[in-house]
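Peer 1: File follows, model.cif with mmCIF, C-alpha atoms:
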```cif
data_run
#
loop_
_atom_site.label_atom_id
_atom_site.label_comp_id
_atom_site.auth_asym_id
_atom_site.auth_seq_id
_atom_site.Cartn_x
_atom_site.Cartn_y
_atom_site.Cartn_z
CA MET A 812 98.98 137.82 79.20
CA ILE A 813 101.66 137.40 76.52
CA MET A 814 102.35 140.46 74.40
CA LEU A 815 102.40 140.03 70.62
CA MET A 816 104.37 142.28 68.27
CA THR A 817 101.86 143.49 65.68
CA PHE A 818 103.98 146.32 64.36
CA ILE A 819 106.50 145.21 61.80
CA VAL A 820 109.65 146.99 60.87
CA SER A 821 111.75 144.75 58.66
CA TYR A 822 114.20 144.89 55.89
CA GLY A 823 112.44 142.72 53.32
CA GLN A 824 109.00 142.29 51.86
CA ASN A 825 109.18 138.50 52.22
CA GLU A 826 109.78 138.64 55.98
CA ARG A 827 107.00 141.19 56.45
CA LYS A 828 104.55 139.05 54.50
CA VAL A 829 105.40 135.90 56.44
CA ILE A 830 105.03 137.65 59.80
CA ARG A 831 101.64 138.97 58.72
CA GLU A 832 100.52 135.45 57.84
CA GLY A 833 101.73 134.27 61.24
CA ILE A 834 99.77 137.01 63.00
CA LYS A 835 96.60 135.97 61.15
CA ASP A 836 97.08 132.36 62.27
CA TYR A 837 97.78 133.53 65.81
CA GLU A 838 94.63 135.61 66.00
CA LYS A 839 92.58 132.61 64.76
CA GLY A 840 94.10 130.47 67.52
CA ASP A 841 96.15 128.41 65.07
CA PHE A 842 99.28 128.63 67.22
CA ASP A 843 101.09 125.74 65.52
CA ASP A 844 100.77 127.38 62.10
CA ALA A 845 101.65 130.75 63.58
CA GLU A 846 104.88 129.31 65.00
CA VAL A 847 105.77 127.90 61.58
CA GLN A 848 105.31 131.29 59.96
CA PHE A 849 107.25 133.19 62.62
CA ARG A 850 110.15 130.75 62.49
CA LYS A 851 110.14 131.04 58.73
CA ALA A 852 110.45 134.79 59.14
CA GLU A 853 113.36 134.25 61.56
CA SER A 854 115.11 132.12 58.96
CA ILE A 855 114.74 134.96 56.45
CA ASP A 856 116.16 137.52 58.87
CA HIS A 857 118.02 136.04 61.86
CA ASP A 858 118.12 139.48 63.50
CA SER A 859 114.36 140.08 63.25
CA TYR A 860 113.30 141.02 66.77
CA GLU A 861 109.59 140.92 65.84
CA ALA A 862 109.77 137.40 64.37
CA GLY A 863 111.59 136.04 67.41
CA PHE A 864 109.26 137.83 69.83
CA ASN A 865 106.15 136.48 68.09
CA THR A 866 107.62 132.97 67.96
CA GLY A 867 107.61 133.07 71.76
CA ALA A 868 103.95 134.14 71.73
CA ALA A 869 103.04 131.20 69.46
CA LEU A 870 104.85 128.77 71.78
CA TYR A 871 102.99 130.20 74.76
CA GLY A 872 99.69 129.66 72.94
CA GLN A 873 100.65 125.97 72.60
CA GLU A 874 101.29 125.82 76.37
CA LYS A 875 104.97 125.09 75.80
CA TYR A 876 105.86 127.31 78.74
CA GLU A 877 109.45 126.32 79.43
CA GLU A 878 110.28 126.52 75.73
CA THR A 879 108.57 129.93 75.66
CA ALA A 880 110.75 131.21 78.51
CA LYS A 881 113.85 129.94 76.72
CA GLN A 882 112.80 131.70 73.50
CA TYR A 883 112.28 135.03 75.28
CA ARG A 884 115.57 134.79 77.16
CA SER A 885 117.26 134.59 73.80
CA MET A 886 115.58 137.88 72.90
CA LEU A 887 117.10 139.91 75.74
CA ASP A 888 120.23 140.79 73.79
CA GLN A 889 118.09 142.02 70.89
CA ALA A 890 115.93 144.29 73.08
CA ASP A 891 117.52 147.66 72.39
CA ASP A 892 115.49 149.84 74.79
CA ASP A 893 113.89 149.66 78.23
CA GLU A 894 110.38 149.16 76.89
CA LYS A 895 111.34 146.11 74.85
CA THR A 896 113.41 144.70 77.70
CA ALA A 897 110.49 145.16 80.10
CA GLN A 898 108.18 143.37 77.64
CA VAL A 899 110.58 140.44 77.27
CA TRP A 900 110.98 140.04 81.06
CA HIS A 901 107.20 140.33 81.48
CA ASN A 902 106.66 137.45 79.03
CA ILE A 903 109.38 135.40 80.67
CA GLY A 904 107.59 135.90 83.99
CA ASN A 905 104.27 134.80 82.48
CA SER A 906 105.82 131.65 81.01
CA LEU A 907 107.46 130.66 84.30
CA LEU A 908 104.25 131.45 86.17
CA GLU A 909 102.31 129.02 83.98
CA ALA A 910 105.08 126.45 84.46
CA GLN A 911 104.51 126.85 88.25
CA GLN A 912 108.08 128.07 88.69
CA TYR A 913 106.91 130.84 90.96
CA GLY A 914 110.25 131.89 92.42
CA PRO A 915 111.91 132.52 89.03
CA SER A 916 108.74 134.17 87.71
CA ILE A 917 108.85 136.67 90.58
CA GLU A 918 112.43 137.59 89.68
CA ALA A 919 111.42 138.03 86.04
CA TYR A 920 108.60 140.42 86.96
CA LYS A 921 110.96 142.39 89.17
CA ASN A 922 113.39 142.74 86.27
CA SER A 923 110.54 143.95 84.09
CA LEU A 924 109.49 146.58 86.65
CA ARG A 925 113.07 147.84 86.90
CA LYS A 926 112.77 148.83 83.25
CA ASN A 927 109.13 149.93 83.42
CA PRO A 928 108.08 150.65 87.04
CA SER A 929 104.63 151.92 86.09
CA ASP A 930 103.39 148.79 84.29
CA MET A 931 100.25 147.72 86.20
CA ASP A 932 99.93 144.31 84.52
CA THR A 933 103.41 143.37 85.66
CA LYS A 934 102.72 144.63 89.19
CA TYR A 935 99.53 142.56 89.36
CA ASN A 936 101.29 139.45 88.02
CA LEU A 937 104.10 139.92 90.54
CA ALA A 938 101.63 140.01 93.43
CA TYR A 939 99.83 136.95 92.03
CA ALA A 940 103.11 135.03 91.65
CA LYS A 941 104.02 135.80 95.27
CA GLN A 942 100.66 134.46 96.44
CA LYS A 943 101.06 131.29 94.37
CA LEU A 944 104.57 130.77 95.78
CA LYS A 945 103.21 131.06 99.31
CA GLU A 946 100.48 128.53 98.55
CA GLN A 947 103.00 126.19 96.95
CA GLN A 948 105.28 126.35 99.98
CA GLN A 949 102.35 125.66 102.30
CA GLN A 950 101.30 122.67 100.22
CA GLN A 951 104.85 121.35 100.19
CA GLN A 952 105.03 121.68 103.98
CA GLN A 953 101.69 119.93 104.39
CA GLN A 954 102.83 117.16 102.08
CA LYS A 955 106.08 116.86 104.03
CA ASN A 956 104.15 116.63 107.30
CA GLN A 957 101.84 114.01 105.82
CA ASP A 958 104.81 112.02 104.49
CA ASN A 959 106.44 112.13 107.93
CA LYS A 960 103.18 111.00 109.52
CA ASN A 961 102.80 108.16 107.04
CA GLN A 962 106.41 107.15 107.59
CA GLY A 963 105.86 107.12 111.35
CA GLU A 964 102.77 104.95 110.96
CA ASN A 965 104.63 102.63 108.61
CA ASN A 966 107.47 102.30 111.12
CA LYS A 967 104.95 101.63 113.89
CA ASP A 968 103.23 98.94 111.84
CA GLN A 969 106.59 97.46 110.93
CA ASN A 970 107.67 97.33 114.58
CA LYS A 971 104.37 95.76 115.57
CA GLY A 972 104.76 93.21 112.82
CA GLN A 973 108.25 92.38 114.04
CA GLN A 974 106.98 92.05 117.62
CA ASP A 975 104.15 89.77 116.50
CA GLN A 976 106.59 87.73 114.50
CA GLY A 977 108.93 87.49 117.48
CA GLN A 978 106.07 86.41 119.77
CA GLU A 979 104.97 83.83 117.23
CA GLN A 980 108.50 82.45 117.04
CA GLN A 981 108.69 82.38 120.84
CA ASP A 982 105.41 80.46 121.02
CA GLN A 983 106.66 77.98 118.44
CA ASP A 984 109.90 77.50 120.37
CA GLN A 985 107.95 76.91 123.61
CA GLN A 986 105.63 74.46 121.87
CA GLN A 987 108.59 72.58 120.44
CA GLN A 988 110.23 72.54 123.86
CA ASN A 989 107.06 71.11 125.44
CA GLN A 990 106.85 68.45 122.74
CA ASP A 991 110.48 67.51 123.24
CA GLN A 992 109.96 67.26 127.00
CA GLN A 993 106.81 65.16 126.59
CA LYS A 994 108.61 62.85 124.19
CA LYS A 995 111.52 62.54 126.60
CA MET A 996 109.15 61.64 129.47
CA GLU A 997 107.41 59.01 127.34
CA GLN A 998 110.77 57.51 126.40
CA GLN A 999 111.79 57.42 130.08
CA ASP A 1000 108.49 55.74 131.09
CA GLN A 1001 108.96 53.17 128.36
CA GLN A 1002 112.53 52.54 129.47
CA ASP A 1003 111.49 52.17 133.13
CA HIS A 1004 108.74 49.76 132.12
CA GLN A 1005 111.18 47.65 130.17
CA GLN A 1006 113.53 47.48 133.19
CA GLN A 1007 110.86 46.14 135.63
CA PRO A 1008 111.35 42.40 136.52
CA VAL A 1009 108.91 40.05 134.89
CA PRO A 1010 107.17 37.74 137.46
CA ARG A 1011 108.31 34.11 137.13
CA GLN A 1012 105.60 31.46 136.82
CA ILE A 1013 105.73 28.76 139.59
CA SER A 1014 105.00 25.09 139.20
CA LYS A 1015 102.18 23.18 140.94
CA GLU A 1016 104.66 21.51 143.23
CA ASP A 1017 106.13 24.83 144.37
CA ALA A 1018 102.64 26.20 144.87
CA GLN A 1019 101.66 23.19 146.98
CA ARG A 1020 104.76 23.47 149.11
CA MET A 1021 104.07 27.16 149.68
CA LEU A 1022 100.46 26.38 150.64
CA ASP A 1023 101.57 23.65 153.07
CA ALA A 1024 104.07 26.01 154.66
CA ILE A 1025 101.39 28.64 155.15
CA GLN A 1026 98.95 26.10 156.65
CA HIS A 1027 101.65 24.78 159.00
CA GLN A 1028 102.48 28.29 160.12
CA GLU A 1029 98.79 29.02 160.73
CA LYS A 1030 98.53 25.79 162.78
CA GLN A 1031 101.44 26.77 164.98
CA VAL A 1032 99.94 30.19 165.58
CA LYS A 1033 96.62 28.59 166.51
CA GLU A 1034 98.25 26.24 169.01
CA LYS A 1035 100.05 29.14 170.69
CA VAL A 1036 96.79 31.03 171.03
CA ASP A 1037 94.99 28.02 172.51
CA LYS A 1038 97.76 27.57 175.13
CA LYS A 1039 97.46 31.19 176.20
CA LYS A 1040 93.67 30.86 176.55
CA ALA A 1041 94.08 27.73 178.75
CA ALA A 1042 96.58 29.47 181.00
CA VAL A 1043 94.28 32.42 181.52
CA ALA A 1044 91.34 30.14 182.38
CA LYS A 1045 93.41 28.27 184.96
CA VAL A 1046 94.47 31.38 186.80
CA LYS A 1047 90.88 32.54 187.03
CA THR A 1048 89.69 29.22 188.58
CA GLU A 1049 92.27 29.32 191.37
CA LYS A 1050 91.14 32.77 192.44
CA ASP A 1051 87.49 31.65 192.86
CA TRP A 1052 88.56 29.07 195.42
#
```
How would this structure read if it were set down as structure tokens?
Peer 2:
Amino acid sequence: MIMLMTFIVSYGQNERKVIREGIKDYEKGDFDDAEVQFRKAESIDHDSYEAGFNTGAALYGQEKYEETAKQYRSMLDQADDDEKTAQVWHNIGNSLLEAQQYGPSIEAYKNSLRKNPSDMDTKYNLAYAKQKLKEQQQQQQQQKNQDNKNQGENNKDQNKGQQDQGQEQQDQDQQQQNQDQQKKMEQQDQQDHQQQPVPRQISKEDAQRMLDAIQHQEKQVKEKVDKKKAAVAKVKTEKDW
């Protein structure tokens, strides 16, 4: 929890009055108005430790944690004793803790305990910050492992996609090759068909002459066969005598 300076030791009535108005706003939860009042007090007295310290508290109430840490760091040179220095480092640690900057918050709490080793709130916050840092590191490692897993799966899917694409291209090439070969065979068949001699039509006279030649040849064959039959019959008769 952020510490608020409620005791006021200042050099002018105006500054004191403004800081009191800021504290009233702060206690009502009007952190924006409280910041305005505390900064107004700072403008009246630039060296006012209380005004600067409470400005940091108002920023913290608005959840402006990094700006809060910056404000309190600027207060370190104005902290003139160990108690004030411990308070400033404690508030820096709280701001960084809320900003989830656990490593720097741990260092801030350690600095606070060096000035006030018996502060139980700071000890508790230090232990809590260490636990949150451990959880953060575990989450980061888990996220890293998940990212690596996702990347591996993406690479696997990408490789599979490339393989599928390569197979598809190979199938297309084979199909094109088959089509080219089929087309080539069809062209060759057509060319061979064109080169075959076309039968010439014969006249009636040529046809008659061819028919006469065939009949004459058949007649000669028949006469030869008849002569052979007669010779065989003659030889058989002479044996019976």
Peer 1: List every protein, DNA or RNA residue with an atom no more than 7 Å from (110.7, 134.6, 78.4) in the file's coordinates, counting all atoms listed in the file, and format the result as a CSV table (one decimal) with C-alpha atoms, keeping the file's coordinate frame.
Peer 2:
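What landed in point_23.csv:
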```csv
chain,number,residue,atom,x,y,z
A,879,THR,CA,108.6,129.9,75.7
A,880,ALA,CA,110.8,131.2,78.5
A,881,LYS,CA,113.8,129.9,76.7
A,882,GLN,CA,112.8,131.7,73.5
A,883,TYR,CA,112.3,135.0,75.3
A,884,ARG,CA,115.6,134.8,77.2
A,899,VAL,CA,110.6,140.4,77.3
A,900,TRP,CA,111.0,140.0,81.1
A,902,ASN,CA,106.7,137.4,79.0
A,903,ILE,CA,109.4,135.4,80.7
A,904,GLY,CA,107.6,135.9,84.0
A,906,SER,CA,105.8,131.6,81.0
```
Peer 1: Could you expand the PyMOL selection byres ((chain A and resi 845-848) around 6) into the explicit residues it covers here, written as a ChimeraX atom specification?
Peer 2: /A:829,833,836-837,842-844,849-851,866,869
Peer 1: To one decimal in Å, tell me the separation between CA of Ser916 (chain A) and CA of Gly863 (chain A).
Peer 2: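 The value is 20.6 Å.
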Peer 1: Would you work out the distance separating CA of Ser859 (chain A) from CA of Ile830 (chain A), expressed in Å to one decimal?
Peer 2: 10.2 Å
Peer 1: Using all atoms listed in the file, pick whichever of A:Gln993, A:Gly872, A:Asn961, A:Glu1016 has the shortest atom-to-atom distance to Lys839 (chain A).
Peer 2: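 Nearest to Lys839 (chain A): A:Gly872.
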Peer 1: Would you compute the distance between CA of Tyr920 (chain A) and CA of Lys875 (chain A)? Give it in Å to one decimal.
Peer 2: 19.3 Å
Peer 1: If you count all atoms listed in the file, which residues fall within 10 Å of Lys943 (chain A), apart from same-chain ones fewer than 2 positions away, as a PyMOL selection string?
Peer 2: chain A and resi 908+911-914+937-941+945-949
Peer 1: Taking all listed atoms of region 1024-1027 of chain A, build the axis-aligned box, pad each of the six sides by 3 Å, then write its centre and edge lengths in Å to one decimal as JSON.
Peer 2:
```
{"center_x": 101.5, "center_y": 26.7, "center_z": 156.8, "size_x": 11.1, "size_y": 9.9, "size_z": 10.3}
```
Peer 1: Identify which of the residues A:Phe864, A:Ile855, A:Thr896, A:Gln980 lies closest to Glu826 (chain A), counting all atoms listed in the file when measuring atom-to-atom distances.
Peer 2: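 Ranking A:Phe864, A:Ile855, A:Thr896, A:Gln980 by distance to Glu826 (chain A), first place goes to A:Ile855.
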Peer 1: Using all atoms listed in the file, which of the listed residues (A:Gln1002, A:Gln898, A:Asn989, A:Gln957) sits closest to Asn927 (chain A)?
Peer 2: A:Gln898
Peer 1: As a PDB file, keeping the file's coordinate frame, could you write out region 939-965 of chain A once it has been completed with N, CA and C atoms?
Peer 2:
```
ATOM      1  N   TYR A 939     100.466 138.273  92.197  1.00  0.00           N
ATOM      2  CA  TYR A 939      99.830 136.950  92.030  1.00  0.00           C
ATOM      3  C   TYR A 939     100.873 135.836  92.158  1.00  0.00           C
ATOM      4  N   ALA A 940     102.044 136.037  91.570  1.00  0.00           N
ATOM      5  CA  ALA A 940     103.110 135.030  91.650  1.00  0.00           C
ATOM      6  C   ALA A 940     103.556 134.826  93.097  1.00  0.00           C
ATOM      7  N   LYS A 941     103.640 135.908  93.857  1.00  0.00           N
ATOM      8  CA  LYS A 941     104.020 135.800  95.270  1.00  0.00           C
ATOM      9  C   LYS A 941     102.994 134.978  96.048  1.00  0.00           C
ATOM     10  N   GLN A 942     101.707 135.208  95.761  1.00  0.00           N
ATOM     11  CA  GLN A 942     100.660 134.460  96.440  1.00  0.00           C
ATOM     12  C   GLN A 942     100.724 132.979  96.078  1.00  0.00           C
ATOM     13  N   LYS A 943     100.965 132.682  94.804  1.00  0.00           N
ATOM     14  CA  LYS A 943     101.060 131.290  94.370  1.00  0.00           C
ATOM     15  C   LYS A 943     102.286 130.598  94.983  1.00  0.00           C
ATOM     16  N   LEU A 944     103.375 131.338  95.140  1.00  0.00           N
ATOM     17  CA  LEU A 944     104.570 130.770  95.780  1.00  0.00           C
ATOM     18  C   LEU A 944     104.272 130.428  97.229  1.00  0.00           C
ATOM     19  N   LYS A 945     103.570 131.301  97.920  1.00  0.00           N
ATOM     20  CA  LYS A 945     103.210 131.060  99.310  1.00  0.00           C
ATOM     21  C   LYS A 945     102.337 129.812  99.426  1.00  0.00           C
ATOM     22  N   GLU A 946     101.358 129.697  98.540  1.00  0.00           N
ATOM     23  CA  GLU A 946     100.480 128.530  98.550  1.00  0.00           C
ATOM     24  C   GLU A 946     101.266 127.253  98.255  1.00  0.00           C
ATOM     25  N   GLN A 947     102.186 127.350  97.303  1.00  0.00           N
ATOM     26  CA  GLN A 947     103.000 126.190  96.950  1.00  0.00           C
ATOM     27  C   GLN A 947     103.847 125.728  98.128  1.00  0.00           C
ATOM     28  N   GLN A 948     104.452 126.684  98.822  1.00  0.00           N
ATOM     29  CA  GLN A 948     105.280 126.350  99.980  1.00  0.00           C
ATOM     30  C   GLN A 948     104.448 125.717 101.093  1.00  0.00           C
ATOM     31  N   GLN A 949     103.236 126.225 101.289  1.00  0.00           N
ATOM     32  CA  GLN A 949     102.350 125.660 102.300  1.00  0.00           C
ATOM     33  C   GLN A 949     101.963 124.226 101.939  1.00  0.00           C
ATOM     34  N   GLN A 950     101.657 124.009 100.671  1.00  0.00           N
ATOM     35  CA  GLN A 950     101.300 122.670 100.220  1.00  0.00           C
ATOM     36  C   GLN A 950     102.467 121.704 100.371  1.00  0.00           C
ATOM     37  N   GLN A 951     103.655 122.187 100.050  1.00  0.00           N
ATOM     38  CA  GLN A 951     104.850 121.350 100.190  1.00  0.00           C
ATOM     39  C   GLN A 951     105.083 120.986 101.652  1.00  0.00           C
ATOM     40  N   GLN A 952     104.861 121.952 102.551  1.00  0.00           N
ATOM     41  CA  GLN A 952     105.030 121.680 103.980  1.00  0.00           C
ATOM     42  C   GLN A 952     103.993 120.688 104.469  1.00  0.00           C
ATOM     43  N   GLN A 953     102.740 120.868 104.018  1.00  0.00           N
ATOM     44  CA  GLN A 953     101.690 119.930 104.390  1.00  0.00           C
ATOM     45  C   GLN A 953     101.991 118.536 103.885  1.00  0.00           C
ATOM     46  N   GLN A 954     102.482 118.467 102.648  1.00  0.00           N
ATOM     47  CA  GLN A 954     102.830 117.160 102.080  1.00  0.00           C
ATOM     48  C   GLN A 954     103.979 116.525 102.856  1.00  0.00           C
ATOM     49  N   LYS A 955     104.949 117.363 103.249  1.00  0.00           N
ATOM     50  CA  LYS A 955     106.080 116.860 104.030  1.00  0.00           C
ATOM     51  C   LYS A 955     105.600 116.322 105.366  1.00  0.00           C
ATOM     52  N   ASN A 956     104.691 117.082 106.019  1.00  0.00           N
ATOM     53  CA  ASN A 956     104.150 116.630 107.300  1.00  0.00           C
ATOM     54  C   ASN A 956     103.384 115.324 107.146  1.00  0.00           C
ATOM     55  N   GLN A 957     102.604 115.227 106.060  1.00  0.00           N
ATOM     56  CA  GLN A 957     101.840 114.010 105.820  1.00  0.00           C
ATOM     57  C   GLN A 957     102.765 112.824 105.544  1.00  0.00           C
ATOM     58  N   ASP A 958     103.832 113.085 104.779  1.00  0.00           N
ATOM     59  CA  ASP A 958     104.810 112.020 104.490  1.00  0.00           C
ATOM     60  C   ASP A 958     105.471 111.549 105.776  1.00  0.00           C
ATOM     61  N   ASN A 959     105.823 112.500 106.646  1.00  0.00           N
ATOM     62  CA  ASN A 959     106.440 112.130 107.930  1.00  0.00           C
ATOM     63  C   ASN A 959     105.473 111.321 108.781  1.00  0.00           C
ATOM     64  N   LYS A 960     104.200 111.719 108.757  1.00  0.00           N
ATOM     65  CA  LYS A 960     103.180 111.000 109.520  1.00  0.00           C
ATOM     66  C   LYS A 960     103.016 109.582 108.982  1.00  0.00           C
ATOM     67  N   ASN A 961     102.946 109.479 107.657  1.00  0.00           N
ATOM     68  CA  ASN A 961     102.800 108.160 107.040  1.00  0.00           C
ATOM     69  C   ASN A 961     104.008 107.288 107.335  1.00  0.00           C
ATOM     70  N   GLN A 962     105.192 107.906 107.305  1.00  0.00           N
ATOM     71  CA  GLN A 962     106.410 107.150 107.590  1.00  0.00           C
ATOM     72  C   GLN A 962     106.408 106.657 109.023  1.00  0.00           C
ATOM     73  N   GLY A 963     105.947 107.542 109.945  1.00  0.00           N
ATOM     74  CA  GLY A 963     105.860 107.120 111.350  1.00  0.00           C
ATOM     75  C   GLY A 963     104.893 105.971 111.537  1.00  0.00           C
ATOM     76  N   GLU A 964     103.753 106.035 110.857  1.00  0.00           N
ATOM     77  CA  GLU A 964     102.770 104.950 110.960  1.00  0.00           C
ATOM     78  C   GLU A 964     103.320 103.673 110.350  1.00  0.00           C
ATOM     79  N   ASN A 965     104.031 103.811 109.236  1.00  0.00           N
ATOM     80  CA  ASN A 965     104.630 102.630 108.610  1.00  0.00           C
ATOM     81  C   ASN A 965     105.655 101.980 109.533  1.00  0.00           C
TER      82      ASN A 965
END
```
